[in-house]
file coords_19.txt (compact mmCIF, C-alpha atoms)
# COMPACT_ATOMS: atom_id res chain seq x y z
CA MET T 1 0.00 0.00 0.00
CA ARG T 2 2.79 2.46 0.88
CA ARG T 3 4.50 1.62 -2.41
CA ARG T 4 1.31 2.45 -4.32
CA TRP T 5 1.02 5.79 -2.52
CA GLY T 6 4.63 6.57 -3.37
CA LEU T 7 4.05 5.72 -7.02
CA ALA T 8 0.96 7.92 -7.02
CA VAL T 9 3.00 10.88 -5.80
CA LEU T 10 5.60 10.34 -8.51
CA ALA T 11 2.92 9.98 -11.15
CA MET T 12 1.28 13.25 -10.18
CA CYS T 13 4.63 15.03 -10.12
CA GLY T 14 5.49 13.62 -13.54
CA ALA T 15 2.21 14.89 -14.92
CA ALA T 16 3.35 18.48 -14.45
CA GLY T 17 4.95 18.46 -17.87
CA PHE T 18 1.55 18.00 -19.46
CA ALA T 19 -0.06 20.91 -17.62
CA GLY T 20 1.87 23.46 -19.66
CA GLN T 21 3.19 26.80 -18.52
CA ALA T 22 1.05 29.22 -16.55
CA ARG T 23 -0.53 31.88 -18.75
CA ALA T 24 1.03 35.30 -18.41
CA ASP T 25 -2.25 37.00 -17.41
CA GLU T 26 -3.71 34.30 -15.17
CA ARG T 27 -4.01 34.31 -11.41
CA ASP T 28 -1.43 32.83 -9.07
CA PHE T 29 -1.90 29.19 -8.15
CA CYS T 30 -4.43 28.85 -5.32
CA ALA T 31 -5.50 25.49 -3.88
CA ASP T 32 -7.99 24.51 -1.19
CA ARG T 33 -5.28 22.24 0.21
CA PRO T 34 -3.68 21.99 2.67
CA GLY T 35 -5.44 22.46 6.01
CA LYS T 36 -9.08 22.86 6.97
CA ALA T 37 -9.46 26.56 6.17
CA THR T 38 -10.70 27.30 2.64
CA PRO T 39 -9.48 30.31 0.60
CA SER T 40 -11.87 32.59 -1.27
CA CYS T 41 -10.08 32.30 -4.63
CA THR T 42 -11.72 31.06 -7.82
CA LEU T 43 -10.07 29.67 -10.94
CA ASP T 44 -9.65 31.61 -14.17
CA PRO T 45 -12.54 30.96 -16.57
CA GLY T 46 -12.05 27.71 -18.48
CA ARG T 47 -9.31 26.33 -16.24
CA PHE T 48 -9.50 23.00 -14.40
CA GLN T 49 -7.76 22.05 -11.17
CA ILE T 50 -7.50 18.62 -9.53
CA GLU T 51 -6.67 18.31 -5.82
CA ALA T 52 -6.00 14.81 -4.48
CA GLY T 53 -5.50 13.39 -1.02
CA LEU T 54 -2.99 10.59 -1.43
CA PHE T 55 -2.84 9.50 2.20
CA ASP T 56 -4.80 10.33 5.35
CA TYR T 57 -4.17 8.61 8.68
CA ALA T 58 -5.95 9.41 11.97
CA HIS T 59 -5.45 7.87 15.42
CA SER T 60 -8.07 8.16 18.17
CA ARG T 61 -8.38 6.71 21.66
CA ASP T 62 -10.55 7.04 24.75
CA ARG T 63 -11.18 4.94 27.86
CA ASP T 64 -13.01 2.27 25.86
CA THR T 65 -11.66 2.21 22.30
CA ILE T 66 -8.55 2.68 20.18
CA GLU T 67 -9.28 3.48 16.55
CA ASP T 68 -7.10 3.92 13.47
CA ASP T 69 -8.55 5.33 10.25
CA GLU T 70 -6.86 5.41 6.84
CA SER T 71 -8.10 6.76 3.53
CA THR T 72 -6.83 7.52 0.04
CA GLY T 73 -8.24 8.84 -3.21
CA ASP T 74 -9.89 11.97 -1.78
CA LEU T 75 -10.51 14.10 -4.90
CA LEU T 76 -11.67 17.63 -5.67
CA LEU T 77 -12.27 18.79 -9.26
CA ARG T 78 -12.63 22.55 -9.75
CA TYR T 79 -13.64 24.40 -12.92
CA GLY T 80 -13.62 28.16 -13.54
CA VAL T 81 -17.04 29.19 -14.85
CA ASP T 82 -16.49 32.94 -15.05
CA ASP T 83 -14.27 35.61 -13.47
CA HIS T 84 -15.80 35.12 -10.01
CA THR T 85 -17.40 31.65 -10.06
CA GLU T 86 -16.21 28.07 -10.04
CA ALA T 87 -18.07 24.74 -10.03
CA ARG T 88 -16.73 21.93 -7.85
CA ILE T 89 -17.14 18.18 -7.47
CA GLY T 90 -15.56 16.39 -4.51
CA TRP T 91 -15.32 12.71 -3.54
CA ASP T 92 -14.26 11.52 -0.07
CA GLY T 93 -12.20 8.61 -1.42
CA TYR T 94 -11.94 5.11 0.02
CA GLY T 95 -11.29 4.43 3.68
CA TRP T 96 -10.42 1.69 6.16
CA THR T 97 -11.13 1.65 9.90
CA ARG T 98 -9.73 -0.53 12.68
CA SER T 99 -11.29 -0.33 16.15
CA ARG T 100 -10.10 -2.24 19.25
CA ASP T 101 -12.05 -2.56 22.50
CA ARG T 102 -9.57 -1.83 25.31
CA MET T 103 -11.41 -4.07 27.80
CA THR T 104 -12.04 -7.18 25.71
CA GLY T 105 -9.37 -6.81 23.02
CA LEU T 106 -12.03 -7.38 20.34
CA VAL T 107 -10.99 -5.84 17.00
CA GLU T 108 -13.47 -4.68 14.36
CA HIS T 109 -12.60 -3.71 10.78
CA GLY T 110 -14.57 -1.63 8.30
CA ARG T 111 -14.03 -0.18 4.87
CA GLY T 112 -16.01 1.70 2.28
CA ALA T 113 -16.18 4.48 -0.29
CA GLY T 114 -17.03 8.05 0.61
CA ASP T 115 -19.78 10.38 -0.53
CA LEU T 116 -19.94 12.89 -3.39
CA THR T 117 -20.16 16.64 -2.75
CA LEU T 118 -21.33 19.23 -5.29
CA SER T 119 -20.55 22.87 -4.54
CA LEU T 120 -20.34 26.31 -6.12
CA ARG T 121 -17.96 29.04 -4.99
CA ARG T 122 -18.91 32.61 -5.78
CA ASN T 123 -16.20 35.16 -5.03
CA LEU T 124 -17.51 38.58 -4.02
CA ARG T 125 -14.21 40.46 -3.84
CA HIS T 126 -10.73 39.71 -5.26
CA PRO T 127 -11.07 36.29 -6.94
CA ASP T 128 -7.28 35.82 -6.74
CA ASP T 129 -7.56 35.86 -2.91
CA SER T 130 -5.43 39.00 -2.60
CA GLY T 131 -5.97 41.91 -0.25
CA THR T 132 -9.29 41.66 1.56
CA ALA T 133 -11.26 38.89 -0.16
CA PHE T 134 -14.39 36.93 0.60
CA ALA T 135 -16.73 34.42 -1.03
CA VAL T 136 -19.77 32.21 -0.43
CA MET T 137 -19.77 28.46 -1.09
CA PRO T 138 -22.99 26.43 -0.74
CA SER T 139 -22.77 22.65 -1.10
CA VAL T 140 -24.82 19.47 -1.06
CA THR T 141 -23.46 15.99 -0.29
CA LEU T 142 -24.98 12.95 -2.02
CA PRO T 143 -24.94 9.57 -0.20
CA VAL T 144 -23.17 7.51 -2.85
CA GLY T 145 -20.71 5.95 -0.37
CA ARG T 146 -21.04 3.05 2.00
CA ASN T 147 -20.72 2.56 5.75
CA PRO T 148 -18.52 3.36 7.68
CA VAL T 149 -17.15 6.13 5.41
CA GLY T 150 -20.37 7.24 3.72
CA ALA T 151 -22.94 9.19 5.78
CA GLY T 152 -25.95 7.22 4.50
CA THR T 153 -28.13 10.25 3.70
CA TRP T 154 -27.80 13.64 2.05
CA SER T 155 -26.51 16.74 3.81
CA ALA T 156 -25.94 20.39 2.90
CA GLY T 157 -23.98 23.37 4.10
CA ILE T 158 -22.53 26.78 3.39
CA VAL T 159 -19.03 28.21 3.96
CA THR T 160 -18.16 31.91 3.73
CA PRO T 161 -14.36 32.15 3.27
CA PHE T 162 -12.66 35.42 4.21
CA GLY T 163 -9.02 36.40 3.68
CA ALA T 164 -6.92 39.44 4.57
CA ASP T 165 -3.24 40.39 4.51
CA LEU T 166 -1.71 40.84 7.97
CA ALA T 167 1.74 42.00 6.88
CA LYS T 168 4.15 41.32 4.06
CA ASN T 169 4.03 37.57 3.29
CA TRP T 170 1.52 36.93 6.10
CA ARG T 171 -2.16 36.17 5.44
CA LEU T 172 -5.21 35.42 7.59
CA THR T 173 -8.02 33.11 6.46
CA LEU T 174 -11.32 32.67 8.32
CA ASP T 175 -13.91 30.04 7.41
CA PRO T 176 -17.26 30.11 9.24
CA GLU T 177 -19.45 27.16 8.24
CA VAL T 178 -23.02 26.02 8.94
CA ASP T 179 -24.30 22.56 7.95
CA ALA T 180 -27.41 20.46 7.89
CA ALA T 181 -25.31 17.41 8.79
CA ALA T 182 -26.36 13.77 8.47
CA ASP T 183 -27.57 12.08 11.66
CA ALA T 184 -25.46 9.26 13.05
CA ASP T 185 -28.40 6.88 12.55
CA ARG T 186 -28.28 7.77 8.81
CA HIS T 187 -31.97 8.80 8.63
CA GLY T 188 -32.10 12.57 9.11
CA ARG T 189 -30.21 15.81 9.55
CA HIS T 190 -29.20 18.15 12.36
CA LEU T 191 -27.36 21.43 12.90
CA ALA T 192 -23.57 21.52 12.88
CA TYR T 193 -21.33 24.58 12.73
CA ALA T 194 -17.60 25.13 12.52
CA MET T 195 -14.87 27.74 12.30
CA ALA T 196 -11.33 27.49 10.96
CA ALA T 197 -8.82 30.32 11.44
CA ALA T 198 -5.45 30.08 9.66
CA VAL T 199 -2.33 32.23 9.46
CA THR T 200 -0.07 31.55 6.48
CA ARG T 201 3.53 32.64 5.96
CA SER T 202 4.89 32.65 2.41
CA VAL T 203 8.61 32.01 1.98
CA GLY T 204 9.83 32.94 -1.46
CA GLU T 205 7.63 31.93 -4.39
CA ASP T 206 7.57 28.20 -3.67
CA TRP T 207 6.83 27.58 0.02
CA GLN T 208 3.97 28.30 2.40
CA PHE T 209 3.71 27.41 6.09
CA THR T 210 0.36 27.52 7.89
CA MET T 211 -0.83 27.24 11.47
CA GLU T 212 -4.55 27.08 12.12
CA GLY T 213 -7.12 26.46 14.80
CA TRP T 214 -10.33 24.58 14.06
CA ALA T 215 -13.47 23.84 16.06
CA MET T 216 -16.80 22.19 15.23
CA ARG T 217 -20.02 21.72 17.21
CA ASP T 218 -22.18 18.80 16.07
CA ASP T 219 -25.68 18.68 17.57
CA ASP T 220 -26.49 15.10 16.58
CA PRO T 221 -29.65 13.78 18.32
CA SER T 222 -27.69 10.78 19.62
CA GLY T 223 -25.32 13.09 21.51
CA HIS T 224 -23.80 16.52 21.04
CA VAL T 225 -20.08 16.55 20.20
CA THR T 226 -17.46 19.30 20.11
CA GLN T 227 -14.28 18.72 18.13
CA SER T 228 -11.22 20.97 17.95
CA SER T 229 -7.64 20.83 16.74
CA VAL T 230 -4.45 22.80 16.19
CA ASP T 231 -3.12 22.17 12.70
CA PHE T 232 0.23 22.61 10.98
CA SER T 233 0.67 22.51 7.20
CA THR T 234 3.29 23.13 4.57
CA ALA T 235 2.89 23.45 0.81
CA TRP T 236 5.59 23.36 -1.86
CA GLN T 237 4.67 24.82 -5.24
CA ARG T 238 6.76 22.58 -7.44
CA THR T 239 5.80 24.40 -10.66
CA LYS T 240 3.49 27.27 -11.59
CA ASN T 241 0.69 24.72 -11.89
CA GLN T 242 1.46 22.09 -9.25
CA GLN T 243 1.66 21.87 -5.47
CA VAL T 244 2.58 19.14 -2.97
CA ASP T 245 1.35 19.47 0.62
CA LEU T 246 1.72 17.84 4.03
CA SER T 247 -0.37 18.46 7.16
CA ALA T 248 -0.50 17.37 10.79
CA TYR T 249 -3.65 17.91 12.87
CA VAL T 250 -3.37 17.65 16.66
CA GLY T 251 -6.66 17.05 18.48
CA THR T 252 -7.43 19.24 21.48
CA SER T 253 -10.75 17.68 22.55
CA ARG T 254 -11.71 14.14 23.53
CA ALA T 255 -13.95 13.71 20.48
CA THR T 256 -11.16 14.62 18.03
CA PRO T 257 -8.48 12.25 16.71
CA ARG T 258 -5.30 12.71 18.72
CA ILE T 259 -3.21 12.98 15.55
CA GLU T 260 -4.01 13.07 11.85
CA LEU T 261 -1.45 13.12 9.02
CA VAL T 262 -2.40 14.15 5.48
CA LEU T 263 -0.42 14.12 2.21
CA GLY T 264 -1.76 15.50 -1.06
CA VAL T 265 -1.09 17.13 -4.41
CA SER T 266 -2.86 19.72 -6.57
CA GLU T 267 -2.50 20.46 -10.28
CA ARG T 268 -3.97 23.07 -12.59
CA PHE T 269 -4.69 22.41 -16.28
call {"tool": "encode", "arguments": {"input": "coords_19.txt", "output": "structure tokens"}}
result
Amino acid sequence: MRRRWGLAVLAMCGAAGFAGQARADERDFCADRPGKATPSCTLDPGRFQIEAGLFDYAHSRDRDTIEDDESTGDLLLRYGVDDHTEARIGWDGYGWTRSRDRMTGLVEHGRGAGDLTLSLRRNLRHPDDSGTAFAVMPSVTLPVGRNPVGAGTWSAGIVTPFGADLAKNWRLTLDPEVDAAADADRHGRHLAYAMAAAVTRSVGEDWQFTMEGWAMRDDDPSGHVTQSSVDFSTAWQRTKNQQVDLSAYVGTSRATPRIELVLGVSERF
């Protein structure tokens, strides 16, 4: 499995030669990855961008259970519709879970494909995510996946990304979000809301380093849950049209995985 992930990274890097050179008048490369905060940028009209999660590992534990989750194949396809709008299709990929009861030692395994999310991002100011920029992004998730990765029923939400320059090479991103999230019993929806706040430092033209805080309140009827984390990410822009990223999320609440590691790539065509 690790060998396949490594080959996938090399294959994506090798594909850069087919993406061509960035157009002289187009916007700077801007990806949703890495991290949980979402920028307000939209693609130039007629351009495509693919963002792929190659590897995602999360480790959780409490008094009763130790759980390890792995996934791969997380995909986001973006298309620039006009100067301020892009259409987006996302798939959660394929995942594996391993859960061990700390009292009995019983181990349970699960695996399944994730759901499909359709969204539209409409930028309201500065579609290149420069200066003070903001956007709205409604979405709907279709239950095409299977348990335990798929939610089992549709859900919807809206994110309103906001970005502002703090100083030279420093940028703030805020992402308030409200969702009609799928119930744990897979038969209805409930309110969930989240906020991600990220500070990014650009180093030269190729590197970005980000630290962010994230929190989510999930009011599921089976039990309300609050998750939170402190996240660290780095992104290397290998070419004008390609980026490789790595993230580490450190859970700060009992309901959040203690550690999550994420590797991904993005490419513009």
call {"tool": "atom_distance", "arguments": {"input": "coords_19.txt", "atom1": "atom CA of Leu246 of chain T", "atom2": "atom CA of Arg217 of chain T"}}
result
25.7 Å
call {"tool": "closest_atom_pairs", "arguments": {"input": "coords_19.txt", "of": "segment 161-221 of chain T", "to": "segment 24-44 of chain T", "cutoff": "10 Å", "atoms": "all atoms listed in the file", "output": "JSON lines"}}
result
{"residue": "T:Pro161", "atom": "CA", "partner": "T:Ser40", "partner_atom": "CA", "distance": 5.2}
{"residue": "T:Phe162", "atom": "CA", "partner": "T:Ser40", "partner_atom": "CA", "distance": 6.2}
{"residue": "T:Gly163", "atom": "CA", "partner": "T:Pro39", "partner_atom": "CA", "distance": 6.8}
{"residue": "T:Leu172", "atom": "CA", "partner": "T:Pro39", "partner_atom": "CA", "distance": 9.7}
{"residue": "T:Thr173", "atom": "CA", "partner": "T:Pro39", "partner_atom": "CA", "distance": 6.7}
{"residue": "T:Leu174", "atom": "CA", "partner": "T:Ala37", "partner_atom": "CA", "distance": 6.7}
{"residue": "T:Asp175", "atom": "CA", "partner": "T:Ala37", "partner_atom": "CA", "distance": 5.8}
{"residue": "T:Pro176", "atom": "CA", "partner": "T:Ala37", "partner_atom": "CA", "distance": 9.1}
{"residue": "T:Met195", "atom": "CA", "partner": "T:Ala37", "partner_atom": "CA", "distance": 8.3}
{"residue": "T:Ala196", "atom": "CA", "partner": "T:Ala37", "partner_atom": "CA", "distance": 5.2}
{"residue": "T:Ala197", "atom": "CA", "partner": "T:Ala37", "partner_atom": "CA", "distance": 6.5}
{"residue": "T:Ala198", "atom": "CA", "partner": "T:Ala37", "partner_atom": "CA", "distance": 6.4}
{"residue": "T:Val199", "atom": "CA", "partner": "T:Ala37", "partner_atom": "CA", "distance": 9.7}
{"residue": "T:Gln208", "atom": "CA", "partner": "T:Pro34", "partner_atom": "CA", "distance": 9.9}
{"residue": "T:Phe209", "atom": "CA", "partner": "T:Pro34", "partner_atom": "CA", "distance": 9.8}
{"residue": "T:Thr210", "atom": "CA", "partner": "T:Gly35", "partner_atom": "CA", "distance": 7.9}
{"residue": "T:Met211", "atom": "CA", "partner": "T:Gly35", "partner_atom": "CA", "distance": 8.6}
{"residue": "T:Glu212", "atom": "CA", "partner": "T:Gly35", "partner_atom": "CA", "distance": 7.7}
{"residue": "T:Gly213", "atom": "CA", "partner": "T:Lys36", "partner_atom": "CA", "distance": 8.8}
{"residue": "T:Trp214", "atom": "CA", "partner": "T:Lys36", "partner_atom": "CA", "distance": 7.4}
call {"tool": "residues_around", "arguments": {"input": "coords_19.txt", "residues": "Arg98 of chain T", "least_positions_apart": "2", "cutoff": "10 Å", "atoms": "all atoms listed in the file", "output": "MDAnalysis selection string"}}
result
chainID T and resid 59 66:70 96 100 107:111
call {"tool": "closest_residue", "arguments": {"input": "coords_19.txt", "among": "T:Ala248, T:Val140, T:Ala192, T:Val203", "to": "Asp219 of chain T", "atoms": "only C-alpha atoms"}}
result
T:Ala192
call {"tool": "atom_distance", "arguments": {"input": "coords_19.txt", "atom1": "atom CA of Gly264 of chain T", "atom2": "atom CA of Pro138 of chain T"}}
result
23.9 Å
call {"tool": "atom_distance", "arguments": {"input": "coords_19.txt", "atom1": "atom CA of Leu261 of chain T", "atom2": "atom CA of Met103 of chain T"}}
result
27.3 Å
call {"tool": "residues_around", "arguments": {"input": "coords_19.txt", "residues": "segment 141-150 of chain T", "least_positions_apart": "3", "cutoff": "6 Å", "atoms": "all atoms listed in the file", "output": "PyMOL selection string"}}
result
chain T and resi 112-117+153-156
call {"tool": "closest_residue", "arguments": {"input": "coords_19.txt", "among": "T:Ser266, T:Asp92, T:Thr104, T:Val81", "to": "Arg121 of chain T", "atoms": "only C-alpha atoms"}}
result
T:Val81
call {"tool": "decode", "arguments": {"input": "coords_19.txt", "residues": "segment 213-224 of chain T", "atoms": "N, CA and C atoms", "output": "PDB file, in the first residue's frame"}}
result
ATOM      1  N   GLY T 213      -6.283  27.031  13.772  1.00  0.00           N
ATOM      2  CA  GLY T 213      -7.125  26.456  14.803  1.00  0.00           C
ATOM      3  C   GLY T 213      -8.478  26.130  14.196  1.00  0.00           C
ATOM      4  N   TRP T 214      -9.058  25.018  14.619  1.00  0.00           N
ATOM      5  CA  TRP T 214     -10.334  24.581  14.058  1.00  0.00           C
ATOM      6  C   TRP T 214     -11.219  24.049  15.175  1.00  0.00           C
ATOM      7  N   ALA T 215     -12.517  24.355  15.089  1.00  0.00           N
ATOM      8  CA  ALA T 215     -13.474  23.838  16.062  1.00  0.00           C
ATOM      9  C   ALA T 215     -14.797  23.581  15.366  1.00  0.00           C
ATOM     10  N   MET T 216     -15.501  22.530  15.795  1.00  0.00           N
ATOM     11  CA  MET T 216     -16.805  22.190  15.234  1.00  0.00           C
ATOM     12  C   MET T 216     -17.729  21.711  16.344  1.00  0.00           C
ATOM     13  N   ARG T 217     -18.967  22.170  16.296  1.00  0.00           N
ATOM     14  CA  ARG T 217     -20.015  21.720  17.209  1.00  0.00           C
ATOM     15  C   ARG T 217     -21.048  20.932  16.402  1.00  0.00           C
ATOM     16  N   ASP T 218     -21.272  19.699  16.779  1.00  0.00           N
ATOM     17  CA  ASP T 218     -22.181  18.802  16.068  1.00  0.00           C
ATOM     18  C   ASP T 218     -23.312  18.424  17.010  1.00  0.00           C
ATOM     19  N   ASP T 219     -24.527  18.890  16.685  1.00  0.00           N
ATOM     20  CA  ASP T 219     -25.677  18.678  17.569  1.00  0.00           C
ATOM     21  C   ASP T 219     -26.480  17.447  17.155  1.00  0.00           C
ATOM     22  N   ASP T 220     -25.811  16.340  16.959  1.00  0.00           N
ATOM     23  CA  ASP T 220     -26.486  15.099  16.579  1.00  0.00           C
ATOM     24  C   ASP T 220     -27.476  14.678  17.682  1.00  0.00           C
ATOM     25  N   PRO T 221     -28.678  14.204  17.305  1.00  0.00           N
ATOM     26  CA  PRO T 221     -29.652  13.781  18.321  1.00  0.00           C
ATOM     27  C   PRO T 221     -29.143  12.682  19.254  1.00  0.00           C
ATOM     28  N   SER T 222     -28.207  11.870  18.778  1.00  0.00           N
ATOM     29  CA  SER T 222     -27.688  10.784  19.617  1.00  0.00           C
ATOM     30  C   SER T 222     -26.697  11.278  20.669  1.00  0.00           C
ATOM     31  N   GLY T 223     -26.285  12.541  20.563  1.00  0.00           N
ATOM     32  CA  GLY T 223     -25.324  13.095  21.511  1.00  0.00           C
ATOM     33  C   GLY T 223     -24.543  14.232  20.889  1.00  0.00           C
ATOM     34  N   HIS T 224     -24.510  15.361  21.559  1.00  0.00           N
ATOM     35  CA  HIS T 224     -23.796  16.517  21.037  1.00  0.00           C
ATOM     36  C   HIS T 224     -22.283  16.325  21.218  1.00  0.00           C
TER      37      HIS T 224
END
